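Dropping entry03.csv in here (CSV, C-alpha atoms and all ligand atoms):
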```csv
chain,number,residue,atom,x,y,z
A,1,MET,CA,169.1,-150.8,-112.9
A,2,MET,CA,171.6,-148.7,-111.1
A,3,THR,CA,172.4,-145.2,-112.2
A,4,VAL,CA,176.0,-144.4,-113.1
A,5,SER,CA,176.5,-142.4,-109.9
A,6,GLU,CA,175.2,-145.2,-107.8
A,7,TRP,CA,177.4,-147.6,-109.7
A,8,ILE,CA,180.4,-145.5,-109.2
A,9,GLN,CA,179.5,-145.0,-105.5
A,10,ALA,CA,179.7,-148.7,-105.1
A,11,ARG,CA,183.2,-148.7,-106.5
A,12,PRO,CA,185.2,-146.0,-104.8
A,13,PHE,CA,188.3,-146.5,-106.9
A,14,LEU,CA,186.3,-145.5,-109.9
A,15,ALA,CA,185.2,-142.3,-108.2
A,16,LYS,CA,188.9,-141.5,-107.8
A,17,LEU,CA,189.4,-142.3,-111.5
A,18,ALA,CA,186.6,-139.8,-112.3
A,19,GLY,CA,188.5,-137.1,-110.3
A,20,VAL,CA,191.8,-138.0,-112.0
A,21,GLN,CA,190.1,-137.7,-115.4
A,22,GLY,CA,188.9,-134.2,-114.4
A,23,ARG,CA,192.4,-133.2,-113.5
A,24,ILE,CA,193.8,-134.5,-116.7
A,25,ASP,CA,191.2,-132.7,-118.7
A,26,ALA,CA,192.0,-129.4,-116.8
A,27,THR,CA,195.7,-129.9,-117.6
A,28,MET,CA,195.0,-130.4,-121.2
A,29,ASP,CA,192.6,-127.4,-121.3
A,30,ALA,CA,195.4,-125.2,-120.1
A,31,PHE,CA,198.0,-126.5,-122.5
A,32,GLN,CA,198.6,-124.6,-125.7
A,33,PRO,CA,199.9,-127.1,-128.2
A,34,ALA,CA,202.0,-126.1,-131.2
A,35,PRO,CA,199.7,-125.8,-134.3
A,36,LEU,CA,199.5,-128.9,-136.4
A,37,ALA,CA,200.1,-128.7,-140.2
A,38,PRO,CA,196.9,-129.8,-142.1
A,39,PRO,CA,197.1,-133.3,-143.4
A,40,ALA,CA,198.2,-133.8,-147.0
A,41,TRP,CA,194.7,-134.7,-148.2
A,42,ASP,CA,195.4,-135.2,-151.9
A,43,ALA,CA,198.3,-137.6,-151.1
A,44,TYR,CA,196.3,-139.4,-148.6
A,45,ALA,CA,193.1,-139.9,-150.7
A,46,PRO,CA,194.0,-143.3,-152.3
A,47,GLU,CA,194.9,-144.8,-148.9
A,48,HIS,CA,191.7,-143.4,-147.4
A,49,ALA,CA,189.7,-145.1,-150.1
A,50,SER,CA,191.3,-148.4,-149.2
A,51,GLY,CA,190.6,-148.1,-145.5
A,52,VAL,CA,194.0,-146.9,-144.2
A,53,PRO,CA,193.4,-144.7,-141.1
A,54,LEU,CA,195.0,-141.2,-140.9
A,55,LEU,CA,197.5,-142.1,-138.2
A,56,HIS,CA,198.8,-145.1,-140.1
A,57,SER,CA,199.3,-143.3,-143.4
A,58,ALA,CA,202.8,-142.1,-144.3
A,59,SER,CA,201.4,-139.8,-146.9
A,60,ALA,CA,199.0,-138.0,-144.6
A,61,ALA,CA,202.1,-137.2,-142.4
A,62,ILE,CA,200.2,-136.4,-139.2
A,63,GLU,CA,202.6,-134.8,-136.7
A,64,LEU,CA,202.8,-136.5,-133.3
A,65,ALA,CA,205.2,-134.1,-131.5
A,66,PRO,CA,202.4,-131.9,-130.0
A,67,ALA,CA,200.8,-135.0,-128.5
A,68,ALA,CA,204.1,-136.1,-127.1
A,69,ALA,CA,204.6,-132.7,-125.5
A,70,LEU,CA,201.1,-132.8,-124.0
A,71,LEU,CA,201.7,-136.4,-122.7
A,72,ARG,CA,204.8,-135.1,-120.8
A,73,THR,CA,202.8,-132.2,-119.4
A,74,VAL,CA,200.0,-134.5,-118.1
A,75,ALA,CA,202.4,-137.0,-116.6
A,76,ALA,CA,204.4,-134.2,-114.9
A,77,ASP,CA,201.2,-132.8,-113.4
A,78,LEU,CA,200.0,-136.2,-112.1
A,79,ALA,CA,203.4,-137.0,-110.6
A,80,GLY,CA,203.1,-134.0,-108.2
A,81,ALA,CA,199.3,-134.0,-107.8
A,82,PRO,CA,197.1,-135.0,-104.8
A,83,VAL,CA,196.0,-138.2,-106.5
A,84,PRO,CA,196.3,-141.7,-105.0
A,85,PRO,CA,200.0,-142.1,-104.1
A,86,SER,CA,200.5,-145.2,-106.3
A,87,LEU,CA,199.2,-143.3,-109.3
A,88,ALA,CA,201.5,-140.3,-108.6
A,89,LEU,CA,204.5,-142.7,-108.2
A,90,GLN,CA,203.7,-144.4,-111.5
A,91,ALA,CA,203.2,-141.1,-113.3
A,92,GLY,CA,206.6,-140.0,-112.0
A,93,GLU,CA,208.3,-143.1,-113.2
A,94,LEU,CA,206.6,-142.9,-116.6
A,95,LEU,CA,207.7,-139.3,-116.9
A,96,ALA,CA,211.3,-140.2,-116.1
A,97,GLY,CA,211.2,-142.7,-118.9
A,98,LEU,CA,209.7,-140.2,-121.3
A,99,GLU,CA,212.5,-137.8,-120.4
A,100,ALA,CA,215.3,-140.4,-120.2
A,101,ALA,CA,216.5,-139.6,-123.8
A,102,PRO,CA,215.8,-137.0,-126.4
A,103,GLY,CA,212.8,-138.1,-128.4
A,104,ALA,CA,211.7,-140.8,-125.9
A,105,ALA,CA,208.2,-139.2,-125.5
A,106,LEU,CA,207.8,-139.0,-129.2
A,107,GLN,CA,208.8,-142.7,-129.5
A,108,ALA,CA,206.2,-143.7,-126.9
A,109,ILE,CA,203.5,-141.8,-128.7
A,110,THR,CA,204.5,-143.3,-132.0
A,111,TRP,CA,204.3,-146.8,-130.5
A,112,LEU,CA,200.8,-146.0,-129.3
A,113,ALA,CA,199.6,-144.3,-132.5
A,114,ARG,CA,201.3,-146.5,-135.1
A,115,GLY,CA,202.5,-149.6,-133.4
A,116,GLU,CA,206.1,-148.8,-134.4
A,117,GLY,CA,209.0,-149.6,-132.1
A,118,ASN,CA,208.8,-151.2,-128.7
A,119,PRO,CA,206.4,-150.5,-125.8
A,120,PRO,CA,208.0,-148.9,-122.8
A,121,ALA,CA,209.6,-151.2,-120.2
A,122,ARG,CA,207.2,-150.0,-117.5
A,123,HIS,CA,203.7,-148.6,-117.1
A,124,ALA,CA,202.4,-149.4,-120.5
A,125,GLY,CA,198.9,-149.3,-119.2
A,126,LEU,CA,199.2,-145.8,-117.8
A,127,LEU,CA,201.0,-144.7,-121.0
A,128,ARG,CA,198.0,-146.0,-123.0
A,129,TYR,CA,195.6,-144.1,-120.8
A,130,LEU,CA,197.5,-140.8,-120.7
A,131,GLY,CA,198.9,-141.1,-124.2
A,132,TRP,CA,195.5,-141.6,-125.9
A,133,SER,CA,194.0,-138.8,-123.9
A,134,ALA,CA,196.9,-136.6,-125.2
A,135,LEU,CA,196.6,-137.9,-128.7
A,136,GLY,CA,192.8,-137.4,-128.8
A,137,ARG,CA,193.2,-133.8,-127.6
A,138,ALA,CA,196.2,-132.8,-129.7
A,139,LEU,CA,194.6,-134.3,-132.8
A,140,GLU,CA,191.4,-132.3,-132.5
A,141,PRO,CA,192.3,-129.9,-135.3
A,142,VAL,CA,193.0,-132.9,-137.6
A,143,LYS,CA,189.8,-134.6,-136.7
A,144,ASP,CA,187.9,-131.3,-137.3
A,145,ALA,CA,189.6,-130.9,-140.7
A,146,TYR,CA,188.8,-134.5,-141.5
A,147,GLN,CA,185.1,-134.0,-140.8
A,148,ALA,CA,185.2,-131.1,-143.2
A,149,TRP,CA,187.0,-133.0,-145.9
A,150,PRO,CA,184.4,-134.0,-148.5
A,151,GLN,CA,185.8,-137.5,-149.0
A,152,ALA,CA,185.4,-138.3,-145.3
A,153,ALA,CA,181.8,-139.3,-146.1
A,154,GLU,CA,183.1,-142.1,-148.3
A,155,TRP,CA,184.8,-143.9,-145.5
A,156,ARG,CA,183.3,-147.5,-145.5
A,157,SER,CA,185.3,-149.3,-142.9
A,158,PRO,CA,184.1,-150.3,-139.5
A,159,HIS,CA,187.4,-149.3,-137.8
A,160,CYS,CA,188.2,-145.7,-136.7
A,161,PRO,CA,189.3,-143.5,-139.7
A,162,THR,CA,191.8,-141.6,-137.4
A,163,CYS,CA,193.5,-144.4,-135.4
A,164,GLY,CA,192.2,-147.7,-136.8
A,165,ALA,CA,190.6,-149.0,-133.5
A,166,GLN,CA,187.5,-151.0,-133.3
A,167,PRO,CA,184.5,-148.9,-132.2
A,168,ALA,CA,183.5,-148.9,-128.6
A,169,LEU,CA,180.3,-147.0,-129.0
A,170,ALA,CA,177.5,-146.1,-131.4
A,171,ALA,CA,174.8,-143.5,-131.5
A,172,LEU,CA,171.6,-143.6,-133.5
A,173,VAL,CA,170.8,-140.1,-134.9
A,174,ALA,CA,167.9,-138.7,-136.9
A,175,GLU,CA,168.5,-138.7,-140.7
A,176,GLY,CA,165.7,-138.0,-143.1
A,177,ASP,CA,162.7,-140.3,-142.2
A,178,GLY,CA,164.9,-142.8,-140.4
A,179,ARG,CA,168.0,-143.0,-138.3
A,180,ALA,CA,171.6,-143.3,-139.1
A,181,ARG,CA,174.3,-144.9,-137.0
A,182,LEU,CA,177.5,-143.1,-135.9
A,183,LEU,CA,180.4,-145.2,-134.5
A,184,CYS,CA,182.7,-143.7,-131.9
A,185,CYS,CA,186.3,-144.6,-131.1
A,186,GLY,CA,187.1,-145.3,-127.5
A,187,GLN,CA,190.7,-144.4,-128.0
A,188,CYS,CA,190.9,-141.1,-130.0
A,189,ARG,CA,187.2,-140.1,-129.8
A,190,THR,CA,186.6,-139.8,-133.5
A,191,ARG,CA,183.1,-140.3,-134.8
A,192,TRP,CA,182.2,-141.7,-138.2
A,193,ALA,CA,179.1,-142.8,-140.0
A,194,TRP,CA,178.6,-146.5,-140.7
A,195,LYS,CA,175.7,-148.6,-142.0
A,196,ARG,CA,172.7,-149.0,-139.7
A,197,LEU,CA,172.7,-152.8,-139.4
A,198,GLY,CA,175.5,-155.3,-139.0
A,199,CYS,CA,178.3,-156.0,-136.5
A,200,PRO,CA,181.3,-153.7,-136.9
A,201,HIS,CA,183.6,-156.2,-135.3
A,202,CYS,CA,183.1,-159.2,-137.7
A,203,GLY,CA,180.8,-157.9,-140.4
A,204,ASN,CA,177.9,-160.3,-139.6
A,205,GLU,CA,174.6,-159.0,-141.0
A,206,ALA,CA,172.4,-162.1,-140.3
A,207,GLN,CA,169.4,-160.8,-138.4
A,208,ASP,CA,169.1,-164.0,-136.3
A,209,ARG,CA,172.7,-163.5,-135.1
A,210,LEU,CA,172.2,-159.9,-134.0
A,211,GLU,CA,170.4,-159.0,-130.8
A,212,VAL,CA,169.6,-155.8,-128.9
A,213,LEU,CA,169.9,-155.9,-125.1
A,214,GLU,CA,167.9,-153.1,-123.5
A,215,LEU,CA,169.6,-152.8,-120.1
A,216,THR,CA,168.7,-149.5,-118.5
A,217,GLY,CA,165.0,-149.2,-118.5
A,218,GLY,CA,164.2,-146.3,-120.9
A,219,ASP,CA,167.2,-144.1,-120.8
A,220,GLY,CA,168.1,-145.1,-124.3
A,221,LEU,CA,171.3,-147.1,-123.6
A,222,ARG,CA,171.5,-150.6,-125.0
A,223,LEU,CA,174.0,-153.2,-126.1
A,224,ASP,CA,173.9,-154.2,-129.8
A,225,VAL,CA,175.2,-157.8,-129.5
A,226,CYS,CA,176.6,-160.1,-132.2
A,227,ARG,CA,176.1,-163.8,-131.7
A,228,SER,CA,178.6,-164.6,-134.4
A,229,CYS,CA,181.7,-163.1,-132.7
A,230,ASN,CA,180.3,-162.6,-129.2
A,231,GLY,CA,181.2,-158.9,-129.4
A,232,TYR,CA,179.0,-155.9,-128.8
A,233,VAL,CA,178.7,-152.2,-129.3
A,234,LYS,CA,177.4,-149.9,-126.6
A,235,THR,CA,174.7,-147.9,-128.3
A,236,ILE,CA,173.0,-144.6,-127.4
A,237,ALA,CA,169.5,-144.9,-129.0
A,238,ARG,CA,168.0,-141.6,-127.7
A,239,GLU,CA,168.4,-138.0,-128.8
A,240,PRO,CA,170.1,-135.8,-128.2
A,241,VAL,CA,173.6,-137.3,-128.0
A,242,GLN,CA,175.8,-134.4,-127.0
A,243,ASP,CA,177.3,-136.5,-124.2
A,244,PHE,CA,178.5,-139.0,-126.8
A,245,LEU,CA,182.1,-137.9,-126.4
A,246,LEU,CA,182.4,-138.9,-122.8
A,247,ALA,CA,180.0,-141.8,-123.1
A,248,ASP,CA,182.6,-144.6,-122.9
A,249,TRP,CA,183.5,-143.7,-119.4
A,250,THR,CA,179.9,-143.0,-118.2
A,251,THR,CA,178.6,-146.3,-119.7
A,252,ILE,CA,181.4,-148.5,-118.4
A,253,HIS,CA,178.7,-150.2,-116.3
A,254,LEU,CA,177.4,-151.6,-119.6
A,255,ASP,CA,180.8,-153.2,-120.2
A,256,VAL,CA,180.5,-154.9,-116.8
A,257,LEU,CA,177.0,-156.1,-117.6
A,258,ALA,CA,178.2,-157.4,-121.0
A,259,ARG,CA,181.1,-159.3,-119.4
A,260,GLU,CA,178.6,-160.8,-116.8
A,261,ARG,CA,176.7,-162.1,-119.8
A,262,GLY,CA,179.7,-163.7,-121.3
A,263,LEU,CA,180.3,-161.1,-124.1
A,264,GLU,CA,183.7,-159.8,-125.1
A,265,ARG,CA,184.7,-156.2,-125.4
A,266,ARG,CA,186.3,-155.8,-128.8
A,267,GLY,CA,186.1,-152.0,-129.1
A,268,ALA,CA,189.3,-150.3,-127.9
A,269,SER,CA,188.9,-148.5,-124.6
A,270,LEU,CA,191.1,-146.5,-122.2
A,271,TYR,CA,189.3,-148.1,-119.3
A,272,GLU,CA,190.4,-151.5,-118.5
A,273,LEU,CA,188.0,-153.6,-116.4
B,301,ZN,ZN,190.3,-143.7,-133.1
B,302,ZN,ZN,180.3,-159.8,-134.8
```
Can I see the file as structure tokens?
Ligand SMILES: [Zn+2]
Ligand SMILES: [Zn+2]
Amino acid sequence: MMTVSEWIQARPFLAKLAGVQGRIDATMDAFQPAPLAPPAWDAYAPEHASGVPLLHSASAAIELAPAAALLRTVAADLAGAPVPPSLALQAGELLAGLEAAPGAALQAITWLARGEGNPPARHAGLLRYLGWSALGRALEPVKDAYQAWPQAAEWRSPHCPTCGAQPALAALVAEGDGRARLLCCGQCRTRWAWKRLGCPHCGNEAQDRLEVLELTGGDGLRLDVCRSCNGYVKTIAREPVQDFLLADWTTIHLDVLARERGLERRGASLYEL
């Protein structure tokens, strides 16, 4: 089994992507977004109980303007950055579209976050990558407030409570005498607790249709595979799991191995293979 760095070394374009991600992170670190109003928890509670994610709720009224401003900042930085020229060109064209009309950046973010309106005419893939990076970062205060909200523990759905995406990752963490499972969103990076057994993509709980593929020889990474829907969840089965938040990128080799085994990636991800 290759290590991640060996795997990336064999794919130079991905090493560039790692550098690009570092640059995006640095731009976002330097950005001071306007403070977000706290969600209207009381108004949102009935929707939460029926599985409506925060971003899809009209009553929670999550503000998207700070994410739109951050998206423009990131696109503007990449357009003038020493990154691969094709990426700088695309970022410049994306930025031009985001600045073509008042509110265009907010419309693009709203399309990503809520599926409202139309996708941009060009560079939807880059918008998805940069826009979800911006959303994930700008929504951090909301995600923190959600974790502190007592009713968050009552979320029972396998999709992300923030954005509604299917989970890309899971982690097994100590709880009492046993272990609990946390699911993680590959889009907005929210984590939430879900039942230990069963496929979060199709709900299958039949043991003979669930498999664990241990792929990496002892470092605690594995694929939890469902033979009912042919989906899988990348799972971190070792402690500690501080690196969980960047684990979708650093475990992309597992997605490649899964695809080679004929499995389908159902969890949302910013990294297209
Ligand atoms: Zn999410
Ligand atoms: Zn399934």
Legend entry - Contacts of ligand ZN 301 (chain B), 8 Å or closer, all atoms listed in the file, given as a count of residues only: 16
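Residues in contact with ligand ZN 302 (chain B) comprise Gly198, Cys199, Pro200, His201, Cys202, Gly203, Asn204, Glu205, Ala206, Arg209, Leu210, Asp224, Val225, Cys226, Arg227, Ser228, Cys229, Asn230, Gly231, Tyr232, Val233 and Arg266 of chain A, where contact means an atom-to-atom distance of at most 10 Å counting only C-alpha atoms and all ligand atoms.
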Got a sec: who's within 12 Å of A:Ala96, counting only C-alpha atoms, leaving out chain neighbours fewer than 4 positions off, as an mmCIF file with C-alpha atoms, in the frame of the given file?
```cif
data_model
loop_
_atom_site.group_PDB
_atom_site.id
_atom_site.type_symbol
_atom_site.label_atom_id
_atom_site.label_comp_id
_atom_site.auth_asym_id
_atom_site.auth_seq_id
_atom_site.Cartn_x
_atom_site.Cartn_y
_atom_site.Cartn_z
ATOM 1 C CA ARG A 72 204.800 -135.100 -120.800
ATOM 2 C CA ALA A 75 202.400 -137.000 -116.600
ATOM 3 C CA ALA A 76 204.400 -134.200 -114.900
ATOM 4 C CA ALA A 79 203.400 -137.000 -110.600
ATOM 5 C CA LEU A 89 204.500 -142.700 -108.200
ATOM 6 C CA GLN A 90 203.700 -144.400 -111.500
ATOM 7 C CA ALA A 91 203.200 -141.100 -113.300
ATOM 8 C CA GLY A 92 206.600 -140.000 -112.000
ATOM 9 C CA ALA A 100 215.300 -140.400 -120.200
ATOM 10 C CA ALA A 101 216.500 -139.600 -123.800
ATOM 11 C CA PRO A 102 215.800 -137.000 -126.400
ATOM 12 C CA ALA A 104 211.700 -140.800 -125.900
ATOM 13 C CA ALA A 105 208.200 -139.200 -125.500
ATOM 14 C CA PRO A 120 208.000 -148.900 -122.800
ATOM 15 C CA ALA A 121 209.600 -151.200 -120.200
ATOM 16 C CA ARG A 122 207.200 -150.000 -117.500
ATOM 17 C CA HIS A 123 203.700 -148.600 -117.100
#
```
Legend entry - Selected residue of minimal separation from A:Val52 among A:Ala113, A:Ser157, A:Gly220, A:Leu183, counting only C-alpha atoms: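 Among A:Ala113, A:Ser157, A:Gly220, A:Leu183, it is A:Ser157 that comes nearest to A:Val52.
Of the listed residues (A:Arg222, A:His56, A:Arg128, A:Arg238), A:Arg128 comes nearest to A:Ala268; the distances count all atoms listed in the file.
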Legend entry - Residue among A:Val142, A:Leu98, A:Ala134, A:Ala88 lying closest to A:Asp25, counting only C-alpha atoms: A:Ala134
Inset, instruction - Just the residues within 9 Å of A:Leu182, please, counting only C-alpha atoms, with nothing from its chain fewer than 3 positions along; format it as a count of residues only. - result: 11
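Rounded to one decimal, atom CA of A:Arg114 and atom CA of A:Ile62 lie 11.0 Å from each other.
For the pair atom CA of A:Thr251 and atom CA of A:Glu154, the interatomic distance is 29.3 Å.
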Inset, instruction - Please indicate the distance in Å from atom CA of A:Tyr129 to atom CA of A:Gly262, rounded to one decimal place. - result: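 Value for the atom CA of A:Tyr129-atom CA of A:Gly262 distance: 25.2 Å.
Minimum atom-to-atom distance to A:Ala69, evaluated using all atoms listed in the file, belongs to A:Arg137 out of A:Arg179, A:Arg265, A:Arg137, A:Lys234.
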Report as JSON the centre and the edge lengths, in Å to one decimal, of the axis-aligned box holding every listed atom of stretch 105-124 of chain A, padded by 3 Å on each side.
```
{"center_x": 204.6, "center_y": -145.1, "center_z": -126.1, "size_x": 16.0, "size_y": 18.2, "size_z": 24.0}
```
